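The file model-v3.cif contains mmCIF, C-alpha atoms:
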data_upload
loop_
_atom_site.label_atom_id
_atom_site.label_comp_id
_atom_site.auth_asym_id
_atom_site.auth_seq_id
_atom_site.Cartn_x
_atom_site.Cartn_y
_atom_site.Cartn_z
CA MET A 1 0.00 0.00 0.00
CA ASP A 2 1.15 3.56 -0.72
CA ARG A 3 1.31 6.08 2.07
CA THR A 4 2.78 9.56 2.37
CA PHE A 5 4.24 10.33 5.77
CA ARG A 6 4.94 13.88 6.86
CA ILE A 7 7.96 13.67 9.13
CA ASN A 8 9.93 16.60 10.56
CA GLY A 9 8.45 18.91 7.94
CA HIS A 10 9.15 16.72 4.92
CA ASP A 11 6.86 14.40 2.95
CA HIS A 12 7.99 10.83 2.34
CA ALA A 13 6.01 8.75 -0.17
CA LEU A 14 6.54 5.08 0.62
CA THR A 15 5.14 1.73 -0.39
CA ILE A 16 4.63 -0.13 2.83
CA ASP A 17 3.36 -3.49 3.99
CA PRO A 18 0.17 -3.20 6.07
CA ARG A 19 2.13 -4.81 8.90
CA ASP A 20 4.80 -2.12 8.97
CA ILE A 21 5.02 -0.34 12.29
CA LEU A 22 5.75 3.39 12.36
CA LEU A 23 8.86 2.79 14.49
CA GLU A 24 10.31 0.45 11.87
CA ILE A 25 9.39 2.78 9.02
CA LEU A 26 11.26 5.59 10.75
CA ARG A 27 14.32 3.50 11.55
CA ASP A 28 14.60 1.03 8.67
CA ARG A 29 13.06 2.89 5.74
CA LEU A 30 13.97 6.50 6.53
CA ASN A 31 17.17 5.94 8.53
CA LEU A 32 15.82 8.09 11.36
CA THR A 33 17.46 5.89 13.97
CA GLY A 34 17.22 8.43 16.78
CA THR A 35 13.88 6.85 17.67
CA LYS A 36 14.71 3.74 19.69
CA LYS A 37 13.10 0.33 19.94
CA GLY A 38 13.00 -0.60 23.60
CA CYS A 39 10.39 -3.08 24.78
CA ASP A 40 8.44 -2.98 21.48
CA HIS A 41 5.24 -3.48 23.49
CA GLY A 42 4.24 0.01 24.54
CA GLN A 43 5.60 -0.13 28.04
CA CYS A 44 8.95 1.70 28.08
CA GLY A 45 8.46 4.88 26.02
CA ALA A 46 11.81 4.69 24.21
CA CYS A 47 9.99 4.89 20.86
CA THR A 48 8.02 8.05 21.78
CA VAL A 49 7.48 10.46 18.89
CA LEU A 50 5.12 13.39 18.46
CA SER A 51 2.10 13.07 16.16
CA ASP A 52 0.54 16.48 15.52
CA GLY A 53 2.36 17.57 18.66
CA LYS A 54 0.99 14.79 20.84
CA ARG A 55 3.30 12.14 22.20
CA ILE A 56 2.54 8.63 20.98
CA LEU A 57 4.31 5.28 20.98
CA SER A 58 5.63 4.57 17.51
CA CYS A 59 6.02 0.86 18.35
CA LEU A 60 2.23 0.45 18.63
CA GLN A 61 1.36 2.62 15.64
CA LEU A 62 0.73 0.96 12.30
CA GLY A 63 2.11 2.95 9.40
CA ALA A 64 -1.12 2.25 7.57
CA THR A 65 -3.20 4.11 10.16
CA GLN A 66 -0.81 6.97 10.96
CA LYS A 67 -2.58 10.25 10.19
CA GLY A 68 -0.73 13.14 11.82
CA GLU A 69 2.57 14.84 11.11
CA VAL A 70 5.34 13.05 12.95
CA ASN A 71 8.18 14.78 14.74
CA THR A 72 11.17 12.74 15.84
CA ILE A 73 14.27 13.65 17.81
CA GLU A 74 16.03 14.47 14.52
CA GLY A 75 13.42 17.18 13.91
CA LEU A 76 14.14 18.99 17.16
CA THR A 77 17.62 20.07 16.20
CA GLY A 78 17.84 23.44 14.46
CA PRO A 79 18.87 23.69 10.79
CA ASP A 80 22.34 24.79 11.90
CA GLY A 81 22.64 21.76 14.17
CA ALA A 82 21.95 23.72 17.33
CA LEU A 83 20.43 21.71 20.16
CA HIS A 84 16.79 22.22 21.04
CA LEU A 85 16.45 24.00 24.38
CA MET A 86 15.21 20.76 25.97
CA GLN A 87 18.23 18.87 24.62
CA ALA A 88 20.48 21.57 26.06
CA ALA A 89 18.68 21.30 29.41
CA PHE A 90 19.30 17.53 29.44
CA VAL A 91 23.01 18.13 28.79
CA ARG A 92 23.18 20.86 31.42
CA HIS A 93 21.57 18.65 34.06
CA ASP A 94 23.37 15.45 33.04
CA ALA A 95 19.93 13.89 32.61
CA LEU A 96 21.15 10.63 31.10
CA GLN A 97 23.65 7.88 31.51
CA CYS A 98 23.57 5.35 28.65
CA GLY A 99 21.29 7.61 26.60
CA PHE A 100 19.13 4.90 25.02
CA CYS A 101 15.89 6.25 26.46
CA THR A 102 16.91 9.89 25.95
CA PRO A 103 15.28 10.64 22.56
CA GLY A 104 11.95 9.41 23.92
CA GLN A 105 12.49 11.24 27.21
CA ILE A 106 13.20 14.50 25.40
CA LEU A 107 10.21 14.29 23.04
CA SER A 108 7.98 13.38 25.97
CA SER A 109 9.47 16.30 27.94
CA VAL A 110 8.79 18.74 25.12
CA ALA A 111 5.15 17.61 25.07
CA CYS A 112 4.96 17.63 28.86
CA VAL A 113 6.02 21.28 29.00
CA ALA A 114 3.80 22.25 26.05
CA GLU A 115 0.81 20.61 27.77
CA GLY A 116 1.44 22.74 30.85
CA HIS A 117 2.11 19.68 32.98
CA ALA A 118 5.60 20.64 34.16
CA THR A 119 4.52 22.74 37.13
CA SER A 120 6.20 20.78 39.94
CA ALA A 121 8.54 17.86 40.43
CA ALA A 122 5.60 15.65 41.37
CA ASP A 123 3.72 16.73 38.24
CA VAL A 124 6.71 16.01 36.02
CA ARG A 125 7.14 12.57 37.53
CA ALA A 126 3.46 11.77 36.96
CA TRP A 127 3.35 13.11 33.41
CA MET A 128 6.69 11.53 32.43
CA ALA A 129 5.68 8.14 33.82
CA GLY A 130 5.48 6.67 30.33
CA ASN A 131 9.22 6.95 29.82
CA LEU A 132 11.34 4.46 31.72
CA CYS A 133 15.07 4.93 32.34
CA ARG A 134 16.94 1.82 33.37
CA CYS A 135 19.92 3.93 34.43
CA ALA A 136 17.48 5.70 36.80
CA ALA A 137 18.55 9.20 35.81
CA TYR A 138 15.11 10.34 36.95
CA PRO A 139 16.17 13.11 39.41
CA ASN A 140 18.22 14.83 36.71
CA ILE A 141 15.52 14.33 34.07
CA VAL A 142 12.99 15.98 36.38
CA ALA A 143 15.43 18.81 37.03
CA ALA A 144 15.99 19.36 33.30
CA VAL A 145 12.26 19.45 32.55
CA LEU A 146 11.55 21.85 35.41
CA ASP A 147 14.45 24.06 34.32
CA MET A 148 13.08 24.14 30.77
CA ALA A 149 9.61 24.96 32.10
CA GLY A 150 11.00 27.80 34.16
CA VAL A 151 10.04 26.19 37.46
CA THR A 152 12.40 26.76 40.36
CA GLU A 153 12.09 23.76 42.62
CA ALA A 154 14.65 21.39 43.99
CA ALA A 155 14.12 17.99 42.38
CA GLU A 156 13.71 15.43 45.12
CA MET B 157 -36.61 11.87 6.28
CA LYS B 158 -33.54 13.13 4.54
CA ALA B 159 -31.76 10.91 2.07
CA PHE B 160 -28.83 8.88 3.31
CA ALA B 161 -26.28 6.46 2.00
CA PHE B 162 -26.47 2.90 3.24
CA THR B 163 -23.62 0.45 3.14
CA LEU B 164 -22.94 -2.80 4.89
CA MET B 165 -19.66 -3.15 6.69
CA PRO B 166 -18.36 -6.45 5.37
CA GLN B 167 -17.22 -8.42 8.35
CA THR B 168 -16.31 -12.01 8.93
CA SER B 169 -14.73 -13.53 11.98
CA ALA B 170 -11.41 -12.99 10.23
CA ASP B 171 -11.94 -9.21 10.19
CA MET B 172 -11.17 -6.97 13.12
CA PHE B 173 -11.68 -3.32 13.86
CA ILE B 174 -8.81 -1.08 14.86
CA ALA B 175 -8.95 2.34 16.50
CA GLY B 176 -6.10 3.36 18.83
CA GLY B 177 -4.48 -0.03 18.29
CA THR B 178 -2.59 -0.01 21.58
CA THR B 179 -3.90 -3.44 22.53
CA LEU B 180 -4.60 -4.92 19.12
CA VAL B 181 -1.23 -4.15 17.51
CA ASP B 182 0.52 -5.55 20.57
CA LEU B 183 -1.53 -8.76 20.46
CA MET B 184 -0.91 -9.04 16.71
CA LYS B 185 2.85 -8.79 17.29
CA LEU B 186 2.57 -11.58 19.83
CA GLY B 187 0.50 -13.70 17.44
CA VAL B 188 -2.38 -13.89 19.93
CA VAL B 189 -4.73 -12.44 17.34
CA ALA B 190 -4.24 -12.65 13.59
CA PRO B 191 -6.95 -10.86 11.63
CA GLN B 192 -7.20 -11.42 7.89
CA ARG B 193 -8.28 -7.84 7.46
CA LEU B 194 -8.25 -4.72 9.62
CA VAL B 195 -10.94 -2.06 9.36
CA ASP B 196 -9.75 1.35 10.59
CA LEU B 197 -12.65 2.89 12.53
CA ARG B 198 -10.97 6.26 12.77
CA ASP B 199 -11.18 6.98 9.05
CA GLY B 200 -13.64 9.82 8.85
CA GLY B 201 -13.18 10.82 12.46
CA ALA B 202 -16.77 10.20 13.53
CA HIS B 203 -17.84 9.14 17.01
CA ALA B 204 -15.02 10.98 18.74
CA GLY B 205 -17.14 13.68 20.33
CA ILE B 206 -18.02 14.36 23.95
CA SER B 207 -21.21 16.17 24.89
CA VAL B 208 -22.98 17.05 28.11
CA GLN B 209 -26.77 16.80 28.21
CA GLY B 210 -28.12 17.59 31.62
CA ASP B 211 -26.53 15.18 34.07
CA THR B 212 -25.40 12.81 31.34
CA LEU B 213 -22.02 12.75 29.65
CA HIS B 214 -22.11 11.24 26.16
CA ILE B 215 -18.73 9.86 25.13
CA GLY B 216 -18.08 8.82 21.55
CA ALA B 217 -16.44 5.42 21.32
CA LEU B 218 -13.48 6.84 19.40
CA THR B 219 -12.74 9.51 22.00
CA THR B 220 -9.20 9.11 23.25
CA MET B 221 -8.52 8.64 26.94
CA ALA B 222 -6.58 11.94 26.92
CA ALA B 223 -9.41 13.86 25.25
CA LEU B 224 -11.89 12.58 27.82
CA ALA B 225 -9.58 13.32 30.76
CA ASP B 226 -9.03 16.86 29.45
CA HIS B 227 -12.70 17.64 28.78
CA PRO B 228 -13.87 20.59 30.92
CA ALA B 229 -16.90 18.69 32.21
CA VAL B 230 -14.70 15.80 33.34
CA ILE B 231 -12.17 18.12 34.97
CA GLU B 232 -14.86 20.05 36.81
CA ARG B 233 -17.49 17.46 37.62
CA LEU B 234 -15.88 14.03 37.32
CA PRO B 235 -12.41 14.31 38.85
CA MET B 236 -12.46 10.64 39.83
CA VAL B 237 -12.96 9.64 36.19
CA ARG B 238 -10.12 11.94 35.16
CA SER B 239 -7.86 10.50 37.81
CA ALA B 240 -8.73 6.93 36.84
CA LEU B 241 -8.00 7.63 33.17
CA LEU B 242 -4.65 9.27 33.85
CA GLN B 243 -3.53 6.60 36.29
CA SER B 244 -4.49 3.65 34.12
CA ALA B 245 -2.06 4.36 31.27
CA SER B 246 0.92 6.48 30.28
CA PRO B 247 0.36 9.88 28.62
CA GLN B 248 1.44 8.31 25.32
CA ILE B 249 -1.12 5.50 25.59
CA CYS B 250 -3.80 7.99 26.69
CA ASN B 251 -3.19 9.97 23.49
CA MET B 252 -3.73 6.85 21.35
CA ALA B 253 -6.18 4.55 23.12
CA THR B 254 -9.91 5.06 22.76
CA ILE B 255 -12.72 4.69 25.27
CA GLY B 256 -14.41 2.10 23.06
CA GLY B 257 -11.19 0.13 22.95
CA ASN B 258 -10.93 0.35 26.73
CA LEU B 259 -14.25 -1.43 27.09
CA LEU B 260 -13.18 -4.05 24.57
CA GLN B 261 -9.65 -4.53 25.88
CA ARG B 262 -8.60 -8.15 26.16
CA THR B 263 -7.27 -9.58 29.38
CA ARG B 264 -3.76 -8.55 30.35
CA CYS B 265 -3.12 -12.07 31.71
CA SER B 266 0.40 -13.13 30.77
CA TYR B 267 -0.81 -16.66 29.99
CA PHE B 268 -3.29 -15.28 27.47
CA ARG B 269 -0.47 -13.31 25.86
CA ASP B 270 2.00 -16.22 25.78
CA LEU B 271 1.39 -18.64 22.91
CA ALA B 272 3.55 -21.27 24.64
CA SER B 273 1.10 -21.42 27.56
CA PRO B 274 -2.29 -23.14 27.59
CA CYS B 275 -5.16 -20.67 27.80
CA ASN B 276 -8.86 -21.45 27.67
CA LYS B 277 -9.65 -17.86 26.81
CA ARG B 278 -7.33 -17.70 23.82
CA ALA B 279 -7.83 -21.30 22.69
CA PRO B 280 -10.84 -22.90 24.43
CA GLY B 281 -10.17 -26.37 25.74
CA THR B 282 -6.39 -26.09 26.00
CA GLY B 283 -6.37 -25.51 29.75
CA GLY B 284 -5.70 -22.61 32.04
CA GLY B 285 -2.05 -21.82 32.68
CA ALA B 286 -2.93 -19.34 35.38
CA ILE B 287 -4.74 -22.04 37.36
CA GLY B 288 -2.00 -23.30 39.64
CA GLY B 289 0.48 -20.96 37.96
CA ASP B 290 1.68 -17.50 38.81
CA ALA B 291 -1.69 -15.83 39.21
CA ARG B 292 -1.07 -13.00 41.62
CA GLY B 293 -3.29 -10.05 40.71
CA LEU B 294 -4.86 -11.67 37.65
CA ALA B 295 -8.49 -12.02 38.70
CA VAL B 296 -10.01 -8.58 38.88
CA LEU B 297 -13.52 -9.07 37.58
CA GLY B 298 -14.30 -12.66 38.49
CA THR B 299 -13.20 -16.23 38.06
CA SER B 300 -14.51 -19.39 36.45
CA ALA B 301 -13.58 -23.05 36.49
CA ALA B 302 -11.87 -22.54 33.11
CA CYS B 303 -10.13 -19.22 33.74
CA ILE B 304 -9.20 -17.24 36.80
CA ALA B 305 -8.26 -14.16 34.81
CA SER B 306 -11.65 -13.64 33.23
#
I need this file expressed as structure tokens, please.
Amino acid sequence: MDRTFRINGHDHALTIDPRDILLEILRDRLNLTGTKKGCDHGQCGACTVLSDGKRILSCLQLGATQKGEVNTIEGLTGPDGALHLMQAAFVRHDALQCGFCTPGQILSSVACVAEGHATSAADVRAWMAGNLCRCAAYPNIVAAVLDMAGVTEAAE
Amino acid sequence: MKAFAFTLMPQTSADMFIAGGTTLVDLMKLGVVAPQRLVDLRDGGAHAGISVQGDTLHIGALTTMAALADHPAVIERLPMVRSALLQSASPQICNMATIGGNLLQRTRCSYFRDLASPCNKRAPGTGGGAIGGDARGLAVLGTSAACIAS
């Protein structure tokens, strides 16, 4: 089947199998490997992307039924390669160790702030609960998100 | 009566409907369900509305969990419903999963999801792996002689 995907501001016309999952289309067909395959069952959040600005799990999204414009971690970086402010906040707060979950964490963080849900450390923890970090960098992730949201609060 | 178009939705037992897909796609990956054909209910975008009529909240089956949780009437008058929605799934799942799909969600029992295990619910007559197995927390809504995760 033929589908056109709008990803990071560009259209990609692809012939896909009805079984193709958005995550695999991004990684294997379009070489956008910043989006990671973690559990592949919708539990870890490593594959989080934005669809029309809303965070979704690309591992549970069939390419055939994807409607919205997709933004991946590659789309956050400026045209001159400059880091997105959230990426810079993650660097500043050392909000990662191995980094595998980081693209999903950052996209989820961008949505979390845009939704207005980054008002306190407790709020950030609740609204970032869909993104697991096996290195347990959670305190620094919370600090980065609060910093980006302009909230002054010591992360517990 | 105004004129209308009438079509029959062709459906056999080998067809399945998909909306948010958060359960169905997962079960298809596991091989627990294997539809011959998928019908995307979201094409056209109907049945996703929420309306308040008196003391009744009407929720379209294709409304996402997030849309329902964020509806002003739910925020103001049904905070318990909002809390239940937000606690039952991640923000990502809430953005995808629909209320209709919630009602139709299959059991989360690990034996149902594991093709190597017997499961009367998935394949009637094969046995119940959860009976005598690791069954902590499985039976929420009732039990039967054939399945304790029903």
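In this structure, the chain A residues at most 8 Å away from chain B are His41, Gly42, Gly45, Thr48, Lys54, Arg55, Ile56, Leu57, Leu60, Gln61, Leu62, Thr65, Trp127, Met128, Ala129 and Gly130 of chain A, with all atoms listed in the file considered.
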When the PyMOL selection byres ((chain A and resi 135-152) around 10) is applied to the structure above, which residues does it catch, written out as a ChimeraX atom specification? /A:85-102,105-106,108-110,112-114,116-125,128,131-134,153-156
Do you know which residues the PyMOL selection byres ((chain B and resi 204) around 8) returns on this file, as a list in words?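 That expression, the PyMOL selection byres ((chain B and resi 204) around 8), corresponds here to Gly201, Ala202, His203, Gly205, Ile206, Ile215, Gly216, Ala217, Leu218, Thr219 and Thr220 of chain B.
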Spatial neighbours of Thr35 (chain A), 8 Å, all atoms listed in the file, chain gap at least 4 places, as number ranges by chain: A: 23, 26-27, 46-49, 72-73, 103-104
List as a PyMOL selection string the protein and nucleic acid residues near Ser273 (chain B), meaning an atom at most 10 Å away when all atoms listed in the file are counted, but skip any in the same chain fewer than 2 places from it. chain B and resi 266-271+275-276+278+282-286
Take CA of Pro228 (chain B) and CA of Ser207 (chain B) and report the distance between them in Å, one decimal.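 Here the two named atoms are 10.5 Å from each other.
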For CA of Ile287 (chain B) and CA of Arg264 (chain B), quote the distance in Å rounded to one decimal.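 Straight-line distance from CA of Ile287 (chain B) to CA of Arg264 (chain B) works out to 15.2 Å.
Going from CA of Gly63 (chain A) over to CA of Asp20 (chain A), you cover 5.8 Å.
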